[in-house]
Amino acid sequence: MTVAEKQAQLIEDLSVIEDRQERLAAVVDRARRRPPLPESARTDVHRVHGCISQVWVVGERRGVTLHFHFDADSPLVKGLVALLVDLYDGAAAADIVATEPVLLDTLGITRDLTPTRRNGLAAVRAQIKALAATTAA
């Protein structure tokens, strides 16, 4: 499945929740089921700089696809990062680099976030894109 197809599916799945606050709560709840990142991976190398919260994103290549592991110290941020990771996990590097995450805007999530959180999400996207670009090289 391409990143664009995944994005369409995520938008479809989450748009059935009409209330924006309930949708955001569902995003946070999805992330609670994720395993924490091991302490050994919570290093400065994997930390997303530009986030007020502490966020770590680790990428690993398996064949032609990239897989991501992550964690954050804030439940809301962890939920938002989980959406981005779900979008890009298992995709080819070129697809990751080429496809921008419009799902947050489409679902109305970004309009409920502070500018600081929006900047943090942009930093997470930039790190995922950089990991993909580096792995593709």
# chains A, B, ... in the order shown; residues from 1 in each chain; ligands from 1
$ residues_around --residues "region 27-34 of chain A" --least-positions-apart "3" --cutoff "6 Å" --atoms "only C-alpha atoms" --output "PyMOL selection string"
chain A and resi 24+76+79+82
$ write_last_selection --atoms "N, CA and C atoms" --output "short mmCIF file (atom, residue, chain, number, x, y, z; two decimals), in the first residue's frame"
data_model
loop_
_atom_site.label_atom_id
_atom_site.label_comp_id
_atom_site.auth_asym_id
_atom_site.auth_seq_id
_atom_site.Cartn_x
_atom_site.Cartn_y
_atom_site.Cartn_z
N LEU A 24 -9.51 13.73 18.31
CA LEU A 24 -8.19 13.90 18.91
C LEU A 24 -8.00 12.91 20.06
N LEU A 76 -0.53 13.45 24.19
CA LEU A 76 -1.03 14.10 22.97
C LEU A 76 0.01 14.04 21.87
N GLY A 79 0.39 10.62 20.44
CA GLY A 79 -0.69 10.30 19.52
C GLY A 79 -0.48 10.92 18.16
N ALA A 82 2.31 9.17 16.43
CA ALA A 82 1.85 7.85 16.00
C ALA A 82 1.14 7.92 14.65
#
$ residues_around --residues "region 84-93 of chain A" --least-positions-apart "5" --cutoff "8 Å" --atoms "only C-alpha atoms" --output "list in words"
Met1, Thr2, Val3, Lys6, Gln7, Leu10, Val64, Thr65, Leu66, His67, Phe68, His69, Phe70, Pro101, Arg125, Ala132, Ala133, Thr135 and Ala136 of chain A
$ write_last_selection --atoms "N, CA and C atoms" --output "PDB file, in the first residue's frame"
ATOM      1  N   MET A   1       0.851  -1.172   0.000  1.00  0.00           N
ATOM      2  CA  MET A   1       0.000   0.000   0.000  1.00  0.00           C
ATOM      3  C   MET A   1       0.899   1.237   0.000  1.00  0.00           C
ATOM      4  N   THR A   2       0.599   2.175  -0.865  1.00  0.00           N
ATOM      5  CA  THR A   2       1.397   3.399  -0.938  1.00  0.00           C
ATOM      6  C   THR A   2       1.069   4.312   0.240  1.00  0.00           C
ATOM      7  N   VAL A   3       1.914   5.312   0.450  1.00  0.00           N
ATOM      8  CA  VAL A   3       1.662   6.282   1.512  1.00  0.00           C
ATOM      9  C   VAL A   3       0.359   7.036   1.222  1.00  0.00           C
ATOM     10  N   LYS A   6      -2.471   4.814   2.229  1.00  0.00           N
ATOM     11  CA  LYS A   6      -2.554   4.762   3.695  1.00  0.00           C
ATOM     12  C   LYS A   6      -3.176   6.033   4.244  1.00  0.00           C
ATOM     13  N   GLN A   7      -2.760   7.155   3.676  1.00  0.00           N
ATOM     14  CA  GLN A   7      -3.270   8.440   4.133  1.00  0.00           C
ATOM     15  C   GLN A   7      -4.786   8.513   3.907  1.00  0.00           C
ATOM     16  N   LEU A  10      -6.440   6.312   6.561  1.00  0.00           N
ATOM     17  CA  LEU A  10      -6.435   6.932   7.889  1.00  0.00           C
ATOM     18  C   LEU A  10      -7.467   8.059   7.969  1.00  0.00           C
ATOM     19  N   VAL A  64      13.529  -2.884   1.038  1.00  0.00           N
ATOM     20  CA  VAL A  64      13.321  -1.594   0.373  1.00  0.00           C
ATOM     21  C   VAL A  64      12.396  -0.676   1.171  1.00  0.00           C
ATOM     22  N   THR A  65      11.965  -1.119   2.347  1.00  0.00           N
ATOM     23  CA  THR A  65      11.041  -0.308   3.135  1.00  0.00           C
ATOM     24  C   THR A  65      11.681   0.165   4.430  1.00  0.00           C
ATOM     25  N   LEU A  66      11.113   1.238   4.965  1.00  0.00           N
ATOM     26  CA  LEU A  66      11.568   1.771   6.250  1.00  0.00           C
ATOM     27  C   LEU A  66      10.505   1.514   7.312  1.00  0.00           C
ATOM     28  N   HIS A  67      10.983   1.277   8.502  1.00  0.00           N
ATOM     29  CA  HIS A  67      10.089   1.043   9.637  1.00  0.00           C
ATOM     30  C   HIS A  67      10.542   1.968  10.761  1.00  0.00           C
ATOM     31  N   PHE A  68       9.560   2.509  11.456  1.00  0.00           N
ATOM     32  CA  PHE A  68       9.845   3.516  12.466  1.00  0.00           C
ATOM     33  C   PHE A  68       9.358   3.079  13.836  1.00  0.00           C
ATOM     34  N   HIS A  69      10.144   3.467  14.826  1.00  0.00           N
ATOM     35  CA  HIS A  69       9.787   3.282  16.231  1.00  0.00           C
ATOM     36  C   HIS A  69       9.898   4.667  16.853  1.00  0.00           C
ATOM     37  N   PHE A  70       9.083   4.924  17.851  1.00  0.00           N
ATOM     38  CA  PHE A  70       9.060   6.271  18.402  1.00  0.00           C
ATOM     39  C   PHE A  70       8.554   6.252  19.832  1.00  0.00           C
ATOM     40  N   PRO A 101       2.167  14.881   4.616  1.00  0.00           N
ATOM     41  CA  PRO A 101       1.052  14.420   5.451  1.00  0.00           C
ATOM     42  C   PRO A 101      -0.079  15.463   5.505  1.00  0.00           C
ATOM     43  N   ARG A 125       8.097  15.424  11.020  1.00  0.00           N
ATOM     44  CA  ARG A 125       8.025  15.123   9.590  1.00  0.00           C
ATOM     45  C   ARG A 125       9.391  15.297   8.935  1.00  0.00           C
ATOM     46  N   ALA A 132      14.489   8.885   5.754  1.00  0.00           N
ATOM     47  CA  ALA A 132      14.201   8.238   4.476  1.00  0.00           C
ATOM     48  C   ALA A 132      15.217   8.623   3.414  1.00  0.00           C
ATOM     49  N   ALA A 133      15.551   9.912   3.341  1.00  0.00           N
ATOM     50  CA  ALA A 133      16.516  10.391   2.348  1.00  0.00           C
ATOM     51  C   ALA A 133      17.893   9.775   2.583  1.00  0.00           C
ATOM     52  N   THR A 135      18.537   6.947   4.152  1.00  0.00           N
ATOM     53  CA  THR A 135      18.478   5.514   3.903  1.00  0.00           C
ATOM     54  C   THR A 135      18.447   5.203   2.414  1.00  0.00           C
ATOM     55  N   ALA A 136      17.814   6.078   1.646  1.00  0.00           N
ATOM     56  CA  ALA A 136      17.724   5.873   0.191  1.00  0.00           C
ATOM     57  C   ALA A 136      19.054   6.111  -0.499  1.00  0.00           C
TER      58      ALA A 136
END
$ select_by_dssp --residues "chain A" --states "strand (DSSP E)" --output "CSV table (one decimal) with N, CA and C atoms, in the first residue's frame"
chain,number,residue,atom,x,y,z
A,55,VAL,N,10.7,13.9,22.1
A,55,VAL,CA,10.2,13.0,21.1
A,55,VAL,C,11.4,12.3,20.5
A,56,TRP,N,11.3,11.0,20.3
A,56,TRP,CA,12.4,10.2,19.7
A,56,TRP,C,11.8,9.5,18.5
A,57,VAL,N,12.5,9.5,17.4
A,57,VAL,CA,12.1,8.7,16.2
A,57,VAL,C,13.3,7.9,15.7
A,58,VAL,N,13.1,6.6,15.6
A,58,VAL,CA,14.2,5.7,15.1
A,58,VAL,C,13.7,5.1,13.8
A,59,GLY,N,14.5,5.1,12.8
A,59,GLY,CA,14.1,4.5,11.5
A,59,GLY,C,15.1,3.3,11.2
A,60,GLU,N,14.5,2.3,10.7
A,60,GLU,CA,15.4,1.1,10.3
A,60,GLU,C,14.9,0.6,8.9
A,61,ARG,N,15.9,0.3,8.1
A,61,ARG,CA,15.6,-0.2,6.8
A,61,ARG,C,15.5,-1.7,6.8
A,62,ARG,N,14.4,-2.3,6.2
A,62,ARG,CA,14.2,-3.7,6.0
A,62,ARG,C,13.9,-3.9,4.5
A,65,THR,N,12.0,-1.1,2.3
A,65,THR,CA,11.0,-0.3,3.1
A,65,THR,C,11.7,0.2,4.4
A,66,LEU,N,11.1,1.2,5.0
A,66,LEU,CA,11.6,1.8,6.2
A,66,LEU,C,10.5,1.5,7.3
A,67,HIS,N,11.0,1.3,8.5
A,67,HIS,CA,10.1,1.0,9.6
A,67,HIS,C,10.5,2.0,10.8
A,68,PHE,N,9.6,2.5,11.5
A,68,PHE,CA,9.8,3.5,12.5
A,68,PHE,C,9.4,3.1,13.8
A,69,HIS,N,10.1,3.5,14.8
A,69,HIS,CA,9.8,3.3,16.2
A,69,HIS,C,9.9,4.7,16.9
A,70,PHE,N,9.1,4.9,17.9
A,70,PHE,CA,9.1,6.3,18.4
A,70,PHE,C,8.6,6.3,19.8
A,71,ASP,N,8.7,7.4,20.5
A,71,ASP,CA,8.1,7.6,21.8
A,71,ASP,C,8.1,9.1,22.0
A,72,ALA,N,7.3,9.5,23.0
A,72,ALA,CA,7.2,10.9,23.4
A,72,ALA,C,6.8,11.0,24.8
A,91,ALA,N,6.9,1.9,4.3
A,91,ALA,CA,6.9,2.5,2.9
A,91,ALA,C,8.3,2.6,2.4
A,92,ALA,N,8.4,2.7,1.1
A,92,ALA,CA,9.7,2.9,0.4
A,92,ALA,C,10.2,4.4,0.7
$ atom_distance --atom1 "CA of Val77 (chain A)" --atom2 "CA of Ser53 (chain A)"
7.4 Å
$ residues_around --residues "Asp105 (chain A)" --least-positions-apart "3" --cutoff "12 Å" --atoms "only C-alpha atoms" --output "JSON, numbers by chain"
{"A": [7, 11, 15, 20, 100, 101, 102, 108, 109, 110, 111, 112, 113, 118, 121]}
$ atom_distance --atom1 "CA of Leu80 (chain A)" --atom2 "CA of Gly50 (chain A)"
14.9 Å
